[in-house]
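Single-structure report; data block below.
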Amino acid sequence: MTEPATTTADEPSTATTAEPVYRLRGVRYVYPGKHVALDGIDLDIRRGEMVCLLGANGSGKSTLLKLLDGIVGPSDGEMRALGRDVAAVAAGQDAFRFHREVGLVFQDPDIQLFSATVLDDVAFGPLQLGLTPDEVKVRCDEALGEMGIAHLADRAPFELSGGEKKRAAIASVLSLRPEVILLDEPTAALDPRTKSVLVDLIRRLGRAGRTVVTATHELEIVPTIADRVVVLGEDRRVIADGTSESILGNRELLLRANLIHEHLHGHVDGATVVEHSHAHVAGDDHHHGEGIEVHDHPVAAGS
Amino acid sequence: MTAANPVEEPITTPIRPAPSADGSGKPGWIERTVAGIAASVERAVFTEQHARLDGFLQRVDPRAKLGMFLAFVLAASLTSSYAVLVILYVAILAAAIASLLPTDFFVKRVWLGIPLFAGIVVIPSIFFIPGPRLFELTLGPLAIAPSIPGILGAILLVMRVGVSVSVAILLVMTTPWADILKSLRALRVPQVFVLILSMTYRYIFLFLHTVNGIFLARKSRIVARTRGGEQRRWLGGTIGSLMSRSFKMSNDVYAAMLARGFTGEMRTYTTFRMTTRDWGLFAASVAFCVGLLIADQLWLR
């Protein structure tokens with residue numbers, strides 16, 4: 001199933017144009033040891049789109065992001081990004097120029113923050129571009145300010161909390177001012193405030209016309225950070241592609257992709273207990289399944 | 001001494017030794033070693049907080065401080081005068097106080113460790129160096145007779161080590177570790193060497209936490225006394241697993257470097273700026289040390 005990308009009604013994305021940033025045809029990726037991470041991926045991503053890659057653990061989201069970033073090449077199939085052959089980029093051809101335009105925020109910030117201080121990490125990308133120290137400083141100040149961590153510039157990464165590390169990792173990519181930003185589970189294991197800051201940031205980046213691809217399995221943030229959702233199944237193929245409303249409204253699809261699950265659940269309704277199966281979709285929204293049972297409830301307590 | 005700027009609490013989680021896996025309840029030597037190393041690294045992190053205070057030496061360019069450090073260490077090594085060593089130490093102590101370092105911590109850190117290491121090294125020389133004896137104690141076949149030149153030589157060596165270690169601690173406590181590494185570039189240390197040192201310092205801490213976590217996770221599931229062979233097999237497996245993890249992480253880190261445009265050529269960003277004050281302090285320190293050595297030759301002998 002492949003649906004064209006649409007925009008939300010309240011916030012049309014004027015930046016979306018017909019020019020494709022990514023074009024994947026029959027892309028397959030096999031890790032050494034013959035473990036198939038992705039199989040037969042067909043996908044187009046257009047400039048200015050805000051795309052969410054949804055999938056359960058092990059569905060190949062992180063591998064797909066690495067492919068989109070050109071740090072690994074496909075084992076099979078055709079993949080073009082920003083007019084370049086990704087297999088050639090992964091082999092080093094024009095990689096320098098490619099990475100000016102595409103930035104990847106890794107899931108584990110300890111991987112991304114490899115320098116002695118936050119400032120060194122944020123400056124790493126601009127320095128590789130060969131910018132002058134003054135230009136590097138401007139970019140670092142901008143990225144650190146954007147993420148609200150200017151006061152942490154001289155800190156060592158191991159002195160930071162999880163949320164601060166995540167912000168620093170994103171700042172280290174923003175300083176490159178990439179046209180395409182790839183984020184791997186950006187809100188995983190974060191407190192609500194930091195999560196909200198990052199969700200706002202992703203939305204701002206999209207509004208600014210950047211192409212943003214976010215891999216996640218947190219359904220509640222999807223409507224805010226994406227206009228289009230691509231679902232990877234447990235067979236490591238694209239099983240759905242459509243607007244966030246259409247995907248999140250398809251309970252059967254979400255169950256099949258292992259993004260939601262059904263479990264028994266009880267409501268206390270006055271003097272009775274209503275017991276039935278249900279599945280959470282986003283936040284407190286949930287869908288009631290079959291087999292509703294009603295029991296007397298002796299205690300008047302909140303549910 | 002109370003610092004003008006309060007030192008913030010470290011964010012890092014304190015590491016305690018994991019109890020042993022042999023069922024005795026006491027921490028094993030491996031657990032103690034791991035926790036000890038981790039605690040040392042955490043202390044290093046803690047000292048970084050002193051490096052962020054707005055003190056006298058914290059405002060000096062790290063390269064100037066490195067130069068001043070070398071001048072003091074050379075002066076302490078070249079002199080054989082107690083007076084020169086005392087003057088050097090007083091200057092170091094004054095600089096530590098002006099840099100808002102807690103004096104008792106600074107003094108204890110140096111003088112509690114040095115008798116243990118330098119002192120043990122010089123003990124034999126106290127007895128073997130010829131000269132008049134301070135006293136003679138005969139215990140059956142054993143005669144203890146420390147020589148006065150031997151004792152004076154030992155005191156000189158311990159003072160020399162004390163001054164050198166003090167100035168090294170002063171440098172480390174007033175300069176973030178990252179800046180010390182970067183300032184090595186001023187001594188023409190290759191860029192790639194500085195990068196490797198910096199990444200080693202960055203990741204050793206992460207892996208030490210991992211190791212301690214592994215020990216704790218194992219201990220939490222041990223419900224009976226385990227045999228030595230089992231423990232050794234587990235240890236071997238853990239070493240292999242950690243090696244594998246570190247190898248995977250090194251690949252991922254390299255991928256993260258590539259993703260940000262790394263092409264094999266290292267470039268680093270420094271905000272260092274040698275001001276007139278920095279040059280002046282460096283020159284004054286060199287002049288002070290050279291002056292002391294000349295005075296040592298002319299008058300202090």
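Letters A, B, ... mark the chains of the structure tokens in the order given; residue numbers begin at 1 per chain; ligand numbers begin at 1, in order shown.
Omitting A:Asp94 and its sequence neighbours fewer than 2 positions away, and counting only C-alpha atoms, the residues within 12 Å are A:Gly70, A:Ile71, A:Ala81, A:Leu82, A:Gly83, A:Arg84, A:Asp85, A:Val86, A:Ala87, A:Ala88, A:Val89, A:Ala90, A:Ala91, A:Gly92, A:Phe96, A:Arg97, A:Phe98, A:His99, A:Arg100, A:Glu101, B:Gly261, B:Thr263.
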Please, could you write that set of residues out with C-alpha atoms as a compact mmCIF listing (two decimals), in the first residue's frame?
```txt
# COMPACT_ATOMS: atom_id res chain seq x y z
CA GLY A 70 25.02 7.10 3.13
CA ILE A 71 27.25 5.57 5.80
CA ALA A 81 19.92 10.23 -2.61
CA LEU A 82 20.22 13.90 -3.56
CA GLY A 83 21.03 12.82 -7.09
CA ARG A 84 23.83 10.47 -6.01
CA ASP A 85 24.20 6.72 -5.94
CA VAL A 86 24.24 5.81 -2.23
CA ALA A 87 26.39 2.71 -2.80
CA ALA A 88 29.08 5.00 -4.26
CA VAL A 89 28.69 7.51 -1.40
CA ALA A 90 29.07 4.70 1.16
CA ALA A 91 32.23 3.63 -0.65
CA GLY A 92 33.58 7.16 -0.15
CA PHE A 96 32.29 14.68 1.99
CA ARG A 97 29.83 16.77 -0.03
CA PHE A 98 26.94 14.40 0.70
CA HIS A 99 27.39 14.68 4.46
CA ARG A 100 27.18 18.44 4.24
CA GLU A 101 23.60 17.98 3.16
CA GLY B 261 32.10 14.65 7.20
CA THR B 263 37.64 12.20 5.84
```
**Report entry** Residues near B:Met159, cut-off 10 Å, only C-alpha atoms, skip fewer than 5 positions along chain, as a list in words
**Finding:** Ala76, Tyr82, Leu85, Val86, Tyr89, Trp111, Ile114, Pro115, Ala118, Gly153, Ala154, Ser164 and Val165 of chain B
Selection to disk with C-alpha atoms, as a short mmCIF file (atom, residue, chain, number, x, y, z; two decimals), in the first residue's frame:
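This is the output file out_34.cif:
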```cif
data_model
loop_
_atom_site.label_atom_id
_atom_site.label_comp_id
_atom_site.auth_asym_id
_atom_site.auth_seq_id
_atom_site.Cartn_x
_atom_site.Cartn_y
_atom_site.Cartn_z
CA ALA B 76 62.48 21.45 41.15
CA TYR B 82 65.92 22.90 50.37
CA LEU B 85 62.16 23.83 46.98
CA VAL B 86 60.42 25.54 49.91
CA TYR B 89 56.21 25.11 47.11
CA TRP B 111 51.41 14.76 50.92
CA ILE B 114 54.03 10.90 48.31
CA PRO B 115 55.49 9.36 51.51
CA ALA B 118 58.62 8.28 46.98
CA GLY B 153 69.11 13.12 50.47
CA ALA B 154 65.81 11.33 51.11
CA SER B 164 56.56 18.41 41.11
CA VAL B 165 53.38 16.54 41.98
#
```
Query raised in the report: chain B residues within 7 Å of chain A, counting only C-alpha atoms: which ones, as a list in words?
Result: Ile11, Thr12, Ala178, Ser198, Met199, Arg202, Met249, Asp252, Val253, Ala255, Ala256, Leu258, Ala259, Arg260, Gly261, Phe262, Arg267, Thr268 and Tyr269 of chain B
Requested in this report: Using DSSP on the backbone coordinates, identify the residues of stretch 54-261 of chain B assigned to alpha helix (DSSP H); present them as a PyMOL selection string.
Outcome: chain B and resi 62-78+82-98+103-111+114+120-128+148-174+177-183+191-221+228-259
Report task. Write out as a ChimeraX atom specification the residues lying within 9 Å of stretch 28-35 of chain A, counting only C-alpha atoms and excluding same-chain residues fewer than 6 positions away. Result -> /A:41,63-64,67,73-77
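Ranking B:Ile204, B:Met257, B:Ala51, B:Val121 by their shortest atom-to-atom distance to B:Val161, with only C-alpha atoms included, puts B:Val121 first.
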**Report entry** Selection: 10 Å around A:Ala171, only C-alpha atoms, excl. self and same-chain fewer than 6 positions, as a PyMOL selection string
**Finding:** chain A and resi 105+118-119+121-123+139-149+165+177
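Between atom CA of A:Leu205 and atom CA of A:Pro109 lies a distance of 19.8 Å.
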**Report entry** Straight-line distance linking atom CA of A:Val51 with atom CA of A:Gln93, stated in Å to one decimal
**Finding:** 26.8 Å
Query raised in the report: Mind pulling up the distance from atom CA of A:Ile221 to atom CA of A:Leu198?
Result: 10.2 Å
Query raised in the report: For B:Val290, which residue out of B:Leu170, B:Ala75, B:Ile144, B:Val211 is the nearest one, using only C-alpha atoms?
Result: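 When distances to B:Val290 are compared using only C-alpha atoms, the smallest one comes from B:Ala75.
Of the listed residues B:Thr275, B:Thr210, B:Gln191, B:Gln297, the one whose atoms come nearest to B:Val60 is B:Thr275, with distances taken using only C-alpha atoms.
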Query raised in the report: Looking at B:Ala39, B:Ile180, B:Ala95, B:Ile196, which one is nearest to B:Gly67, with distances taken over only C-alpha atoms?
Result: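 Among the listed residues, the smallest separation from B:Gly67 belongs to B:Ile180.
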